[in-house]
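Asks: Here you go, upload_5.cif (mmCIF, C-alpha atoms):
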data_run
#
loop_
_atom_site.label_atom_id
_atom_site.label_comp_id
_atom_site.auth_asym_id
_atom_site.auth_seq_id
_atom_site.Cartn_x
_atom_site.Cartn_y
_atom_site.Cartn_z
CA MET Z 85 6.23 29.99 13.18
CA THR Z 86 8.25 29.45 16.28
CA GLY Z 87 5.44 30.47 18.59
CA ARG Z 88 3.20 27.75 17.27
CA SER Z 89 2.87 24.15 18.32
CA ILE Z 90 3.05 21.74 15.41
CA SER Z 91 2.30 18.05 15.67
CA PRO Z 92 5.24 15.65 15.36
CA ALA Z 93 3.50 13.96 12.43
CA VAL Z 94 3.53 17.20 10.46
CA ILE Z 95 7.11 17.94 11.45
CA LYS Z 96 8.11 14.48 10.35
CA ARG Z 97 6.63 15.07 6.89
CA LEU Z 98 8.38 18.42 6.37
CA PRO Z 99 11.73 16.87 5.45
CA ARG Z 100 9.91 14.75 2.89
CA TYR Z 101 8.37 17.87 1.36
CA TYR Z 102 11.76 19.49 1.39
CA ARG Z 103 13.44 16.55 -0.31
CA TYR Z 104 10.68 16.05 -2.84
CA LEU Z 105 10.54 19.75 -3.72
CA GLY Z 106 14.32 19.70 -4.04
CA GLU Z 107 14.03 16.90 -6.60
CA LEU Z 108 11.41 18.91 -8.49
CA LEU Z 109 13.76 21.90 -8.52
CA GLU Z 110 16.58 19.77 -9.86
CA ASN Z 111 14.21 18.71 -12.64
CA GLY Z 112 13.36 22.32 -13.42
CA VAL Z 113 9.77 22.19 -12.15
CA GLU Z 114 8.70 25.74 -11.21
CA ARG Z 115 5.24 25.17 -9.82
CA ILE Z 116 3.08 22.27 -8.71
CA SER Z 117 -0.53 21.76 -7.71
CA SER Z 118 -1.35 20.19 -4.38
CA LYS Z 119 -2.80 17.29 -6.39
CA GLU Z 120 0.50 16.68 -8.21
CA LEU Z 121 2.37 17.10 -4.95
CA SER Z 122 -0.07 14.61 -3.44
CA ASN Z 123 0.53 12.01 -6.14
CA GLY Z 124 4.27 12.44 -5.96
CA MET Z 125 4.41 12.19 -2.22
CA LYS Z 126 1.69 9.61 -1.59
CA VAL Z 127 -0.01 12.00 0.83
CA THR Z 128 -3.57 13.20 0.26
CA ALA Z 129 -3.98 16.67 -1.23
CA SER Z 130 -6.03 17.80 1.77
CA GLN Z 131 -3.28 16.50 4.05
CA ILE Z 132 -0.75 18.58 2.14
CA ARG Z 133 -2.93 21.69 2.37
CA GLN Z 134 -3.42 21.09 6.09
CA ASP Z 135 0.29 20.55 6.65
CA LEU Z 136 1.35 23.65 4.78
CA ASN Z 137 -1.36 25.75 6.42
CA ASN Z 138 0.55 25.20 9.65
CA PHE Z 139 3.11 27.51 8.18
CA GLY Z 140 0.82 30.01 6.51
CA GLY Z 141 0.06 28.09 3.34
CA PHE Z 142 2.25 29.35 0.51
CA GLY Z 143 -0.28 28.10 -2.04
CA GLN Z 144 -2.22 30.23 -4.51
CA GLN Z 145 -5.67 29.25 -5.73
CA GLY Z 146 -5.49 28.00 -9.32
CA TYR Z 147 -1.74 28.42 -9.47
CA GLY Z 148 -0.63 25.82 -6.97
CA TYR Z 149 2.68 26.07 -5.20
CA ASN Z 150 5.80 27.86 -6.29
CA VAL Z 151 8.32 25.05 -5.91
CA GLU Z 152 11.39 27.19 -5.24
CA TYR Z 153 9.58 29.40 -2.75
CA LEU Z 154 7.97 26.47 -0.92
CA HIS Z 155 11.29 24.61 -0.86
CA SER Z 156 13.14 27.56 0.64
CA GLU Z 157 10.38 28.37 3.13
CA ILE Z 158 10.28 24.79 4.41
CA GLY Z 159 14.08 24.87 4.51
CA LYS Z 160 13.86 27.92 6.79
CA ILE Z 161 11.30 26.19 9.00
CA LEU Z 162 13.65 23.22 9.31
CA GLY Z 163 16.52 25.57 10.08
CA LEU Z 164 18.43 24.57 6.97
CA ASP Z 165 19.01 28.19 5.99
CA HIS Z 166 21.72 28.39 8.64
CA ILE Z 167 24.87 26.33 8.64
CA GLN Z 168 24.80 24.02 11.65
CA THR Z 169 27.79 22.22 13.02
CA MET Z 170 28.00 18.53 13.84
CA ILE Z 171 30.53 16.29 15.48
CA ILE Z 172 30.67 12.52 15.25
CA ILE Z 173 31.36 10.49 18.36
CA GLY Z 174 32.69 7.11 17.29
CA ALA Z 175 35.00 6.86 14.27
CA GLY Z 176 34.14 3.28 13.36
CA ASN Z 177 32.64 2.27 10.05
CA LEU Z 178 29.34 3.98 10.68
CA GLY Z 179 30.96 7.13 12.01
CA GLN Z 180 33.25 7.29 9.02
CA ALA Z 181 30.31 6.63 6.71
CA LEU Z 182 28.51 9.63 8.23
CA ALA Z 183 31.63 11.74 7.93
CA ASN Z 184 31.80 10.87 4.25
CA TYR Z 185 28.08 11.39 3.69
CA ASN Z 186 27.63 14.92 2.42
CA PHE Z 187 25.33 16.59 4.93
CA ASP Z 188 26.57 20.03 3.88
CA ARG Z 189 23.85 19.78 1.23
CA ILE Z 190 21.32 20.33 3.99
CA GLY Z 191 23.41 22.78 5.94
CA PHE Z 192 25.14 20.43 8.37
CA HIS Z 193 28.87 20.87 8.52
CA ILE Z 194 30.92 18.20 10.28
CA ILE Z 195 33.73 19.84 12.24
CA GLY Z 196 35.00 17.02 14.42
CA ILE Z 197 35.27 13.25 14.79
CA PHE Z 198 36.12 11.66 18.13
CA ASP Z 199 37.00 8.16 19.29
CA VAL Z 200 38.77 6.43 22.15
CA ASN Z 201 40.85 4.14 19.96
CA PRO Z 202 44.43 5.51 19.94
CA ARG Z 203 45.13 3.71 16.68
CA LEU Z 204 42.68 6.08 14.99
CA GLU Z 205 44.28 9.22 16.45
CA GLY Z 206 45.42 11.62 13.77
CA LEU Z 207 43.82 9.72 10.91
CA SER Z 208 41.62 11.89 8.74
CA VAL Z 209 38.19 11.26 7.29
CA ARG Z 210 37.15 13.63 4.51
CA GLY Z 211 39.82 16.05 5.70
CA ILE Z 212 38.72 15.93 9.33
CA GLU Z 213 41.27 14.61 11.78
CA ILE Z 214 40.06 12.00 14.25
CA GLN Z 215 40.63 13.27 17.80
CA MET Z 216 40.54 11.43 21.10
CA MET Z 217 37.56 11.77 23.43
CA ASP Z 218 39.84 13.40 26.00
CA ASP Z 219 40.14 16.33 23.63
CA LEU Z 220 36.37 16.80 23.40
CA PRO Z 221 35.87 19.19 26.35
CA ALA Z 222 38.53 21.60 25.06
CA PHE Z 223 37.15 21.29 21.54
CA LEU Z 224 33.64 22.17 22.72
CA GLU Z 225 34.95 25.21 24.57
CA GLU Z 226 36.41 26.52 21.34
CA ASN Z 227 33.72 25.39 18.91
CA ARG Z 228 29.98 25.80 18.85
CA VAL Z 229 28.49 22.40 18.11
CA HIS Z 230 24.80 22.02 17.33
CA VAL Z 231 24.52 18.27 16.90
CA ALA Z 232 26.51 15.25 18.03
CA ALA Z 233 26.07 12.03 16.07
CA LEU Z 234 26.58 9.03 18.32
CA THR Z 235 28.00 5.93 16.63
CA VAL Z 236 29.75 4.26 19.55
CA PRO Z 237 29.32 0.68 20.81
CA LYS Z 238 26.07 0.07 22.68
CA LYS Z 239 27.77 -0.30 26.07
CA SER Z 240 29.31 3.16 25.80
CA ALA Z 241 26.20 4.90 24.49
CA ARG Z 242 24.57 6.02 27.76
CA PRO Z 243 27.68 7.19 29.62
CA ILE Z 244 28.85 9.13 26.58
CA ALA Z 245 25.38 10.66 26.08
CA THR Z 246 25.50 11.81 29.70
CA GLN Z 247 28.96 13.27 29.14
CA LEU Z 248 27.77 15.06 26.00
CA GLU Z 249 24.87 16.60 27.92
CA GLU Z 250 27.23 17.71 30.69
CA LEU Z 251 29.44 19.30 28.06
CA GLY Z 252 26.46 21.30 26.78
CA ILE Z 253 25.40 19.29 23.72
CA ARG Z 254 21.65 19.71 23.25
CA ALA Z 255 20.99 17.56 20.17
CA ILE Z 256 22.08 13.95 19.79
CA TRP Z 257 21.62 11.90 16.64
CA ASN Z 258 21.68 8.44 18.15
CA PHE Z 259 22.78 5.50 15.97
CA THR Z 260 23.37 3.15 18.88
CA PRO Z 261 20.86 0.29 19.34
CA THR Z 262 19.72 1.57 22.71
CA ASP Z 263 17.62 4.40 24.10
CA LEU Z 264 19.62 7.18 25.72
CA HIS Z 265 18.85 8.47 29.19
CA VAL Z 266 19.25 12.22 28.92
CA SER Z 267 17.17 15.10 30.24
CA GLU Z 268 14.44 16.63 28.13
CA GLU Z 269 16.78 19.54 27.55
CA VAL Z 270 18.45 17.32 24.99
CA CYS Z 271 16.80 16.54 21.67
CA VAL Z 272 17.38 12.94 20.66
CA LYS Z 273 16.69 11.51 17.26
CA ASN Z 274 17.17 7.76 17.09
CA VAL Z 275 18.24 5.82 14.04
CA HIS Z 276 17.83 2.27 15.27
CA LEU Z 277 19.01 0.13 12.37
CA ASP Z 278 18.03 -3.11 14.13
CA GLU Z 279 14.46 -1.95 14.56
CA SER Z 280 14.25 -0.71 11.01
CA LEU Z 281 15.43 -4.08 9.71
CA MET Z 282 13.08 -5.98 12.03
CA THR Z 283 10.14 -3.93 10.74
CA LEU Z 284 11.14 -4.73 7.18
CA SER Z 285 11.43 -8.38 8.18
CA TYR Z 286 7.91 -8.40 9.59
CA ASN Z 287 6.41 -6.61 6.61
CA PHE Z 288 8.27 -8.88 4.22
CA ARG Z 289 7.12 -12.06 5.94
CA ASN Z 290 3.51 -10.85 6.12
CA ARG Z 291 3.29 -9.14 2.76
CA GLY Z 292 0.90 -11.79 1.53
CA GLN Z 293 -2.20 -10.67 3.37
CA GLU Z 294 -1.99 -6.94 3.00
CA LYS Z 295 -0.29 -4.21 1.06
CA TYR Z 296 2.47 -4.15 3.62
CA SER Z 297 4.99 -2.69 1.24
CA TYR Z 298 2.72 0.31 0.89
CA ARG Z 299 1.75 0.42 4.54
CA SER Z 300 5.35 0.14 5.55
CA TYR Z 301 6.12 2.92 3.12
CA MET Z 302 3.48 5.15 4.63
CA ASP Z 303 4.51 4.04 8.08
CA ASP Z 304 7.93 5.50 7.43
CA LYS Z 305 6.39 8.76 6.56
CA ASP Z 306 3.64 9.33 9.04
CA MET Q 130 -0.98 -14.49 13.80
CA THR Q 131 -0.44 -14.34 10.09
CA GLY Q 132 -4.11 -14.26 9.31
CA ARG Q 133 -4.59 -11.11 11.30
CA SER Q 134 -4.23 -7.52 10.27
CA ILE Q 135 -2.04 -5.51 12.62
CA SER Q 136 -1.67 -1.76 12.43
CA PRO Q 137 1.68 -0.41 11.25
CA ALA Q 138 1.97 1.53 14.52
CA VAL Q 139 1.88 -1.70 16.53
CA ILE Q 140 4.26 -3.42 14.15
CA LYS Q 141 6.64 -0.51 14.47
CA ARG Q 142 6.67 -0.85 18.26
CA LEU Q 143 7.38 -4.60 18.23
CA PRO Q 144 11.10 -4.20 17.50
CA ARG Q 145 11.31 -1.84 20.48
CA TYR Q 146 9.69 -4.42 22.71
CA TYR Q 147 12.08 -7.00 21.35
CA ARG Q 148 15.14 -4.83 21.93
CA TYR Q 149 14.02 -3.71 25.38
CA LEU Q 150 13.17 -7.25 26.47
CA GLY Q 151 16.53 -8.36 25.13
CA GLU Q 152 18.23 -5.79 27.35
CA LEU Q 153 16.21 -7.04 30.34
CA LEU Q 154 17.32 -10.60 29.54
CA GLU Q 155 20.95 -9.52 29.39
CA ASN Q 156 20.44 -8.00 32.83
CA GLY Q 157 18.97 -11.21 34.17
CA VAL Q 158 15.40 -9.93 34.57
CA GLU Q 159 13.02 -12.90 34.40
CA ARG Q 160 9.64 -11.23 34.62
CA ILE Q 161 8.23 -7.75 34.36
CA SER Q 162 4.87 -6.08 34.98
CA SER Q 163 3.23 -4.11 32.20
CA LYS Q 164 3.74 -1.07 34.45
CA GLU Q 165 7.49 -1.61 34.62
CA LEU Q 166 7.55 -2.34 30.91
CA SER Q 167 5.58 0.86 30.42
CA ASN Q 168 8.03 2.97 32.42
CA GLY Q 169 11.02 1.43 30.69
CA MET Q 170 9.61 1.88 27.20
CA LYS Q 171 7.79 5.18 27.67
CA VAL Q 172 4.59 3.61 26.37
CA THR Q 173 1.43 3.54 28.49
CA ALA Q 174 0.66 0.25 30.26
CA SER Q 175 -2.70 0.04 28.50
CA GLN Q 176 -0.94 0.59 25.18
CA ILE Q 177 1.40 -2.29 25.97
CA ARG Q 178 -1.51 -4.56 26.91
CA GLN Q 179 -3.34 -3.58 23.72
CA ASP Q 180 -0.26 -4.15 21.60
CA LEU Q 181 0.50 -7.56 23.04
CA ASN Q 182 -3.14 -8.60 22.86
CA ASN Q 183 -2.74 -8.44 19.09
CA PHE Q 184 -0.66 -11.54 19.50
CA GLY Q 185 -2.63 -13.33 22.16
CA GLY Q 186 -1.31 -11.48 25.18
CA PHE Q 187 1.38 -13.58 26.89
CA GLY Q 188 0.68 -11.76 30.18
CA GLN Q 189 -0.53 -13.38 33.39
CA GLN Q 190 -2.64 -11.48 35.88
CA GLY Q 191 -0.58 -10.63 38.95
CA TYR Q 192 2.54 -12.19 37.53
CA GLY Q 193 3.22 -9.86 34.63
CA TYR Q 194 5.19 -10.98 31.64
CA ASN Q 195 7.78 -13.69 31.40
CA VAL Q 196 10.61 -11.77 29.77
CA GLU Q 197 12.28 -14.67 28.00
CA TYR Q 198 9.00 -16.05 26.67
CA LEU Q 199 7.74 -12.65 25.53
CA HIS Q 200 11.10 -11.90 23.91
CA SER Q 201 11.13 -15.15 21.98
CA GLU Q 202 7.46 -14.89 20.97
CA ILE Q 203 7.91 -11.37 19.63
CA GLY Q 204 11.06 -12.60 17.91
CA LYS Q 205 8.98 -15.26 16.17
CA ILE Q 206 6.38 -12.70 15.16
CA LEU Q 207 9.13 -10.57 13.66
CA GLY Q 208 10.52 -13.60 11.90
CA LEU Q 209 13.80 -13.46 13.80
CA ASP Q 210 13.61 -17.15 14.67
CA HIS Q 211 14.73 -17.96 11.13
CA ILE Q 212 18.05 -16.94 9.65
CA GLN Q 213 17.38 -14.52 6.82
CA THR Q 214 19.90 -13.61 4.16
CA MET Q 215 20.83 -10.11 3.10
CA ILE Q 216 22.95 -8.62 0.37
CA ILE Q 217 24.32 -5.09 0.26
CA ILE Q 218 24.17 -3.15 -2.98
CA GLY Q 219 26.80 -0.43 -2.83
CA ALA Q 220 30.13 -1.10 -1.11
CA GLY Q 221 30.87 2.51 -0.17
CA ASN Q 222 31.32 3.68 3.39
CA LEU Q 223 27.73 3.09 4.36
CA GLY Q 224 27.58 -0.31 2.67
CA GLN Q 225 30.77 -1.35 4.40
CA ALA Q 226 29.47 -0.01 7.70
CA LEU Q 227 26.37 -2.21 7.31
CA ALA Q 228 28.54 -5.19 6.38
CA ASN Q 229 30.51 -4.67 9.56
CA TYR Q 230 27.43 -4.09 11.71
CA ASN Q 231 26.52 -7.39 13.29
CA PHE Q 232 22.98 -8.10 12.12
CA ASP Q 233 23.44 -11.82 12.78
CA ARG Q 234 22.34 -10.95 16.33
CA ILE Q 235 18.83 -10.51 14.96
CA GLY Q 236 19.02 -13.35 12.46
CA PHE Q 237 20.15 -11.46 9.38
CA HIS Q 238 23.15 -12.97 7.66
CA ILE Q 239 24.94 -10.92 5.02
CA ILE Q 240 25.99 -13.19 2.14
CA GLY Q 241 27.01 -10.74 -0.54
CA ILE Q 242 28.21 -7.20 -1.25
CA PHE Q 243 27.98 -5.73 -4.73
CA ASP Q 244 29.28 -2.60 -6.41
CA VAL Q 245 30.08 -1.27 -9.87
CA ASN Q 246 33.49 0.13 -8.96
CA PRO Q 247 36.12 -2.26 -10.38
CA ARG Q 248 38.66 -1.00 -7.85
CA LEU Q 249 36.60 -2.64 -5.11
CA GLU Q 250 36.37 -6.00 -6.89
CA GLY Q 251 37.78 -8.81 -4.82
CA LEU Q 252 38.22 -6.71 -1.69
CA SER Q 253 36.63 -8.27 1.36
CA VAL Q 254 34.54 -6.74 4.10
CA ARG Q 255 34.12 -8.89 7.21
CA GLY Q 256 35.15 -11.90 5.15
CA ILE Q 257 32.68 -11.19 2.37
CA GLU Q 258 34.20 -10.53 -1.04
CA ILE Q 259 32.89 -7.51 -2.91
CA GLN Q 260 31.47 -8.62 -6.26
CA MET Q 261 30.53 -6.63 -9.33
CA MET Q 262 26.88 -5.89 -10.11
CA ASP Q 263 27.22 -7.94 -13.31
CA ASP Q 264 27.62 -10.99 -11.09
CA LEU Q 265 24.37 -10.31 -9.21
CA PRO Q 266 21.94 -12.22 -11.50
CA ALA Q 267 24.03 -15.40 -11.31
CA PHE Q 268 24.46 -14.94 -7.57
CA LEU Q 269 20.70 -14.65 -7.07
CA GLU Q 270 20.12 -17.81 -9.09
CA GLU Q 271 22.34 -19.72 -6.72
CA ASN Q 272 21.44 -18.01 -3.45
CA ARG Q 273 18.16 -17.29 -1.76
CA VAL Q 274 18.24 -13.63 -0.69
CA HIS Q 275 15.54 -12.22 1.58
CA VAL Q 276 16.62 -8.60 1.81
CA ALA Q 277 18.75 -6.24 -0.26
CA ALA Q 278 20.19 -3.19 1.47
CA LEU Q 279 20.55 -0.33 -0.99
CA THR Q 280 23.44 2.06 -0.30
CA VAL Q 281 24.19 3.33 -3.79
CA PRO Q 282 24.35 6.96 -4.99
CA LYS Q 283 20.96 8.64 -5.32
CA LYS Q 284 21.06 8.75 -9.11
CA SER Q 285 21.44 4.95 -9.31
CA ALA Q 286 18.83 4.14 -6.68
CA ARG Q 287 15.70 3.79 -8.84
CA PRO Q 288 17.20 1.89 -11.78
CA ILE Q 289 18.91 -0.53 -9.40
CA ALA Q 290 15.72 -0.97 -7.36
CA THR Q 291 13.91 -1.85 -10.59
CA GLN Q 292 16.66 -4.32 -11.46
CA LEU Q 293 16.45 -5.88 -7.99
CA GLU Q 294 12.69 -6.33 -8.37
CA GLU Q 295 13.17 -7.91 -11.81
CA LEU Q 296 15.71 -10.28 -10.27
CA GLY Q 297 13.12 -11.37 -7.71
CA ILE Q 298 14.13 -9.35 -4.65
CA ARG Q 299 11.02 -8.67 -2.56
CA ALA Q 300 12.43 -6.64 0.33
CA ILE Q 301 14.60 -3.55 -0.04
CA TRP Q 302 16.20 -1.68 2.84
CA ASN Q 303 16.65 1.70 1.24
CA PHE Q 304 19.40 4.00 2.51
CA THR Q 305 19.37 6.27 -0.53
CA PRO Q 306 17.89 9.76 -0.06
CA THR Q 307 15.09 9.13 -2.51
CA ASP Q 308 11.85 7.16 -2.68
CA LEU Q 309 12.02 4.04 -4.79
CA HIS Q 310 9.48 3.29 -7.50
CA VAL Q 311 8.81 -0.40 -7.15
CA SER Q 312 5.60 -2.42 -7.26
CA GLU Q 313 3.67 -3.21 -4.09
CA GLU Q 314 5.08 -6.71 -4.37
CA VAL Q 315 8.26 -5.29 -2.92
CA CYS Q 316 8.52 -4.29 0.72
CA VAL Q 317 10.53 -1.13 1.12
CA LYS Q 318 11.85 0.22 4.38
CA ASN Q 319 13.47 3.61 4.07
CA VAL Q 320 16.28 4.92 6.23
CA HIS Q 321 16.47 8.51 5.03
CA LEU Q 322 19.37 9.99 6.98
CA ASP Q 323 18.77 13.47 5.59
CA GLU Q 324 15.18 13.47 6.84
CA SER Q 325 16.16 12.13 10.21
CA LEU Q 326 18.76 14.87 10.63
CA MET Q 327 16.33 17.55 9.42
CA THR Q 328 13.76 16.41 11.98
CA LEU Q 329 16.38 16.61 14.70
CA SER Q 330 17.30 20.07 13.42
CA TYR Q 331 13.70 21.24 13.65
CA ASN Q 332 13.18 19.79 17.11
CA PHE Q 333 16.47 21.24 18.31
CA ARG Q 334 15.71 24.71 17.02
CA ASN Q 335 12.21 24.67 18.49
CA ARG Q 336 12.96 22.88 21.74
CA GLY Q 337 12.27 26.07 23.69
CA GLN Q 338 8.51 26.03 23.46
CA GLU Q 339 7.73 22.37 23.95
CA LYS Q 340 9.19 19.12 25.15
CA TYR Q 341 10.33 18.35 21.67
CA SER Q 342 13.06 16.02 22.77
CA TYR Q 343 10.38 13.84 24.30
CA ARG Q 344 7.96 14.32 21.43
CA SER Q 345 10.65 13.58 18.95
CA TYR Q 346 11.54 10.52 20.97
CA MET Q 347 7.95 9.28 20.89
CA ASP Q 348 7.67 10.27 17.28
CA ASP Q 349 10.41 7.83 16.47
CA LYS Q 350 8.50 5.09 18.11
CA ASP Q 351 4.93 5.54 17.02
#
Produce structure tokens that represent the structure in this file.
Replies:
Amino acid sequence: MTGRSISPAVIKRLPRYYRYLGELLENGVERISSKELSNGMKVTASQIRQDLNNFGGFGQQGYGYNVEYLHSEIGKILGLDHIQTMIIIGAGNLGQALANYNFDRIGFHIIGIFDVNPRLEGLSVRGIEIQMMDDLPAFLEENRVHVAALTVPKKSARPIATQLEELGIRAIWNFTPTDLHVSEEVCVKNVHLDESLMTLSYNFRNRGQEKYSYRSYMDDKD
Amino acid sequence: MTGRSISPAVIKRLPRYYRYLGELLENGVERISSKELSNGMKVTASQIRQDLNNFGGFGQQGYGYNVEYLHSEIGKILGLDHIQTMIIIGAGNLGQALANYNFDRIGFHIIGIFDVNPRLEGLSVRGIEIQMMDDLPAFLEENRVHVAALTVPKKSARPIATQLEELGIRAIWNFTPTDLHVSEEVCVKNVHLDESLMTLSYNFRNRGQEKYSYRSYMDDKD
């Protein structure tokens, strides 16, 4: 797989496949046709076949897809078969919410939470002690960290992102309402809550004319 | 505007324009060329012109765009010129994080937080008292609610979404890691944290071969 170039649109759908197949597994479904998968995921059957062909298919004519196999294969493609470590920068409400959100389910283990607020020092969230930002360099020398989630105030976002890059972080999950200025060595995935809510606002206010709920739904996915 | 059909891709970029123009305003920038806007937003200048032409342009040859005017016009298009009301269903960490996140900046005023956990009853988050779900129908009879943010456990997501639709809610901001089954009368905007993190994981693990950080960045936007 890793030699191949896959379009961002396909990559963005893979987690949906993974999640949906996981739900099927929970419900004891052992196999599924691309048509059923298509109905369940609101993606055309041909789209599904195309997507999965990027990774060698996994489907069998007349049988459909083996749910468990497909789920685990997509998990491998997404790198979920290895435990990856994450730290959270910013121990405010959102940071604490992330710390309490169980990402171990998808292989992400939170090993550190950092903040600059001395009043938070030593407090624990889900068994993880909040440390001060000054301790981050030493922490990163001792611990391999794959992803840093950034939940700091907007004004601190860019300087801290730069610091994280200098400290060797190569993947930032950005929850701040601004775009980070880091080199292309660093993968950034933005979760801009403002923009998400504004999009909902637009779709809601214009739902009269078109099937915006549906289009918005697809828009999330594609 | 409202008579026109605008592609989801354009709609999805509008909040970025709005946010970016807002940052320019904060920095005292009064006007900007589509080229500067293009560099700042990592969208081609022709793309920007196309996008804004959907709404009648606002640009002046040789002058560029008036930042404040463009910002306020896009704000109107997004419906941010009216105060909209939001309730939060689920007063856990994420729900409380949203309650503490200042969405009033973009015209969204949180007027209620609901949960089923009696231990939370009467507690306040940012001055808003947590109420029990049983109180929701009466609350919705007395209060106009534009958007409901859904931050409940996965297993409760679909039944509660159905209940919200029955109670007249027409816009759901879904933070649960599942797709809701509501009619197309209801606008749904999903914030699937798992999927976002999985996408980052994929891009991070495959960043060697391609400029995935950049592609992922664009992927977020388009």
Asks: Hey, can you check how far CA of Met215 (chain Q) sits from CA of Trp302 (chain Q)?
Replies: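 These atoms are spaced 9.6 Å apart.
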Asks: Chain Z residues within 6 Å of chain Q, counting all atoms listed in the file: which ones, as a list of chain:residue names?
Replies: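 So the residues of chain Z near chain Q are Z:Pro99, Z:Leu162, Z:Asn177, Z:Leu178, Z:Ala181, Z:Glu268, Z:Val270, Z:Cys271, Z:Val272, Z:Lys273, Z:Glu279, Z:Leu284, Z:Tyr286, Z:Phe288, Z:Ser297.
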Asks: Output C-alpha atoms for every residue in that selection, as a PDB file, keeping the file's coordinate frame.
Replies:
ATOM      1  CA  PRO Z  99      11.730  16.870   5.450  1.00  0.00           C
ATOM      2  CA  LEU Z 162      13.650  23.220   9.310  1.00  0.00           C
ATOM      3  CA  ASN Z 177      32.640   2.270  10.050  1.00  0.00           C
ATOM      4  CA  LEU Z 178      29.340   3.980  10.680  1.00  0.00           C
ATOM      5  CA  ALA Z 181      30.310   6.630   6.710  1.00  0.00           C
ATOM      6  CA  GLU Z 268      14.440  16.630  28.130  1.00  0.00           C
ATOM      7  CA  VAL Z 270      18.450  17.320  24.990  1.00  0.00           C
ATOM      8  CA  CYS Z 271      16.800  16.540  21.670  1.00  0.00           C
ATOM      9  CA  VAL Z 272      17.380  12.940  20.660  1.00  0.00           C
ATOM     10  CA  LYS Z 273      16.690  11.510  17.260  1.00  0.00           C
ATOM     11  CA  GLU Z 279      14.460  -1.950  14.560  1.00  0.00           C
ATOM     12  CA  LEU Z 284      11.140  -4.730   7.180  1.00  0.00           C
ATOM     13  CA  TYR Z 286       7.910  -8.400   9.590  1.00  0.00           C
ATOM     14  CA  PHE Z 288       8.270  -8.880   4.220  1.00  0.00           C
ATOM     15  CA  SER Z 297       4.990  -2.690   1.240  1.00  0.00           C
TER      16      SER Z 297
END
Asks: I'd like the interatomic distance between CA of Leu166 (chain Q) and CA of Asn183 (chain Q), to a tenth of an Å.
Replies: 16.8 Å
Asks: In Å, rounded to a single decimal, give me how far CA of Pro237 (chain Z) is from CA of Ala277 (chain Q).
Replies: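 CA of Pro237 (chain Z) lies 24.6 Å from CA of Ala277 (chain Q).
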Asks: Leaving out Ile171 (chain Z) and any residue of its chain fewer than 4 positions from it, which residues lie within 6 Å of it when counting only C-alpha atoms, given as a PyMOL selection string?
Replies: chain Z and resi 194-197+232
Asks: Using only C-alpha atoms, determine which residues lie at most 6 Å from Ala129 (chain Z), disregarding the query and same-chain residues fewer than 4 positions distant; provide the list as a PyMOL selection string.
Replies: chain Z and resi 118-119+122
Asks: Can you list, as a list of chain:residue names, the residues that the PyMOL selection byres ((chain Z and resi 208-224) around 9) selects here?
Replies: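 This file, filtered by the PyMOL selection byres ((chain Z and resi 208-224) around 9), leaves Z:Ile173, Z:Ala175, Z:Gln180, Z:Ala183, Z:Asn184, Z:Ile194, Z:Ile195, Z:Gly196, Z:Ile197, Z:Phe198, Z:Asp199, Z:Val200, Z:Asn201, Z:Pro202, Z:Leu204, Z:Glu205, Z:Gly206, Z:Leu207, Z:Glu225, Z:Glu226, Z:Asn227, Z:Arg228, Z:Val229, Z:Leu251, Z:Gly252, Z:Ile253.
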Asks: Show me, as lines of an AutoDock Vina configuration file, the centre and edge lengths in Å to one decimal of the axis-aligned box that covers every listed atom of region 225-229 of chain Q with 3 Å on each side.
Replies:
center_x = 28.6
center_y = -2.6
center_z = 7.0
size_x = 10.4
size_y = 11.2
size_z = 11.2
Asks: So, counting all atoms listed in the file, which residue among Q:Asn182, Q:Lys171, Q:Ile203, Q:Thr291 is closest to His265 (chain Z)?
Replies: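 With all atoms listed in the file as the atom set, the closest residue is Q:Lys171.
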Asks: I need region 285-299 of chain Q written out with C-alpha atoms, as an mmCIF file, in the first residue's frame; please produce it.
Replies:
data_model
loop_
_atom_site.group_PDB
_atom_site.id
_atom_site.type_symbol
_atom_site.label_atom_id
_atom_site.label_comp_id
_atom_site.auth_asym_id
_atom_site.auth_seq_id
_atom_site.Cartn_x
_atom_site.Cartn_y
_atom_site.Cartn_z
ATOM 1 C CA SER Q 285 -28.042 7.008 22.994
ATOM 2 C CA ALA Q 286 -27.291 9.045 19.888
ATOM 3 C CA ARG Q 287 -29.937 7.721 17.474
ATOM 4 C CA PRO Q 288 -32.895 7.523 19.869
ATOM 5 C CA ILE Q 289 -32.155 11.025 21.142
ATOM 6 C CA ALA Q 290 -31.758 12.366 17.589
ATOM 7 C CA THR Q 291 -35.178 10.899 16.783
ATOM 8 C CA GLN Q 292 -36.610 12.531 19.901
ATOM 9 C CA LEU Q 293 -35.053 15.875 18.955
ATOM 10 C CA GLU Q 294 -36.612 15.676 15.493
ATOM 11 C CA GLU Q 295 -40.007 14.836 17.002
ATOM 12 C CA LEU Q 296 -39.644 17.847 19.278
ATOM 13 C CA GLY Q 297 -39.093 20.062 16.243
ATOM 14 C CA ILE Q 298 -35.313 20.461 16.212
ATOM 15 C CA ARG Q 299 -34.170 20.952 12.608
#
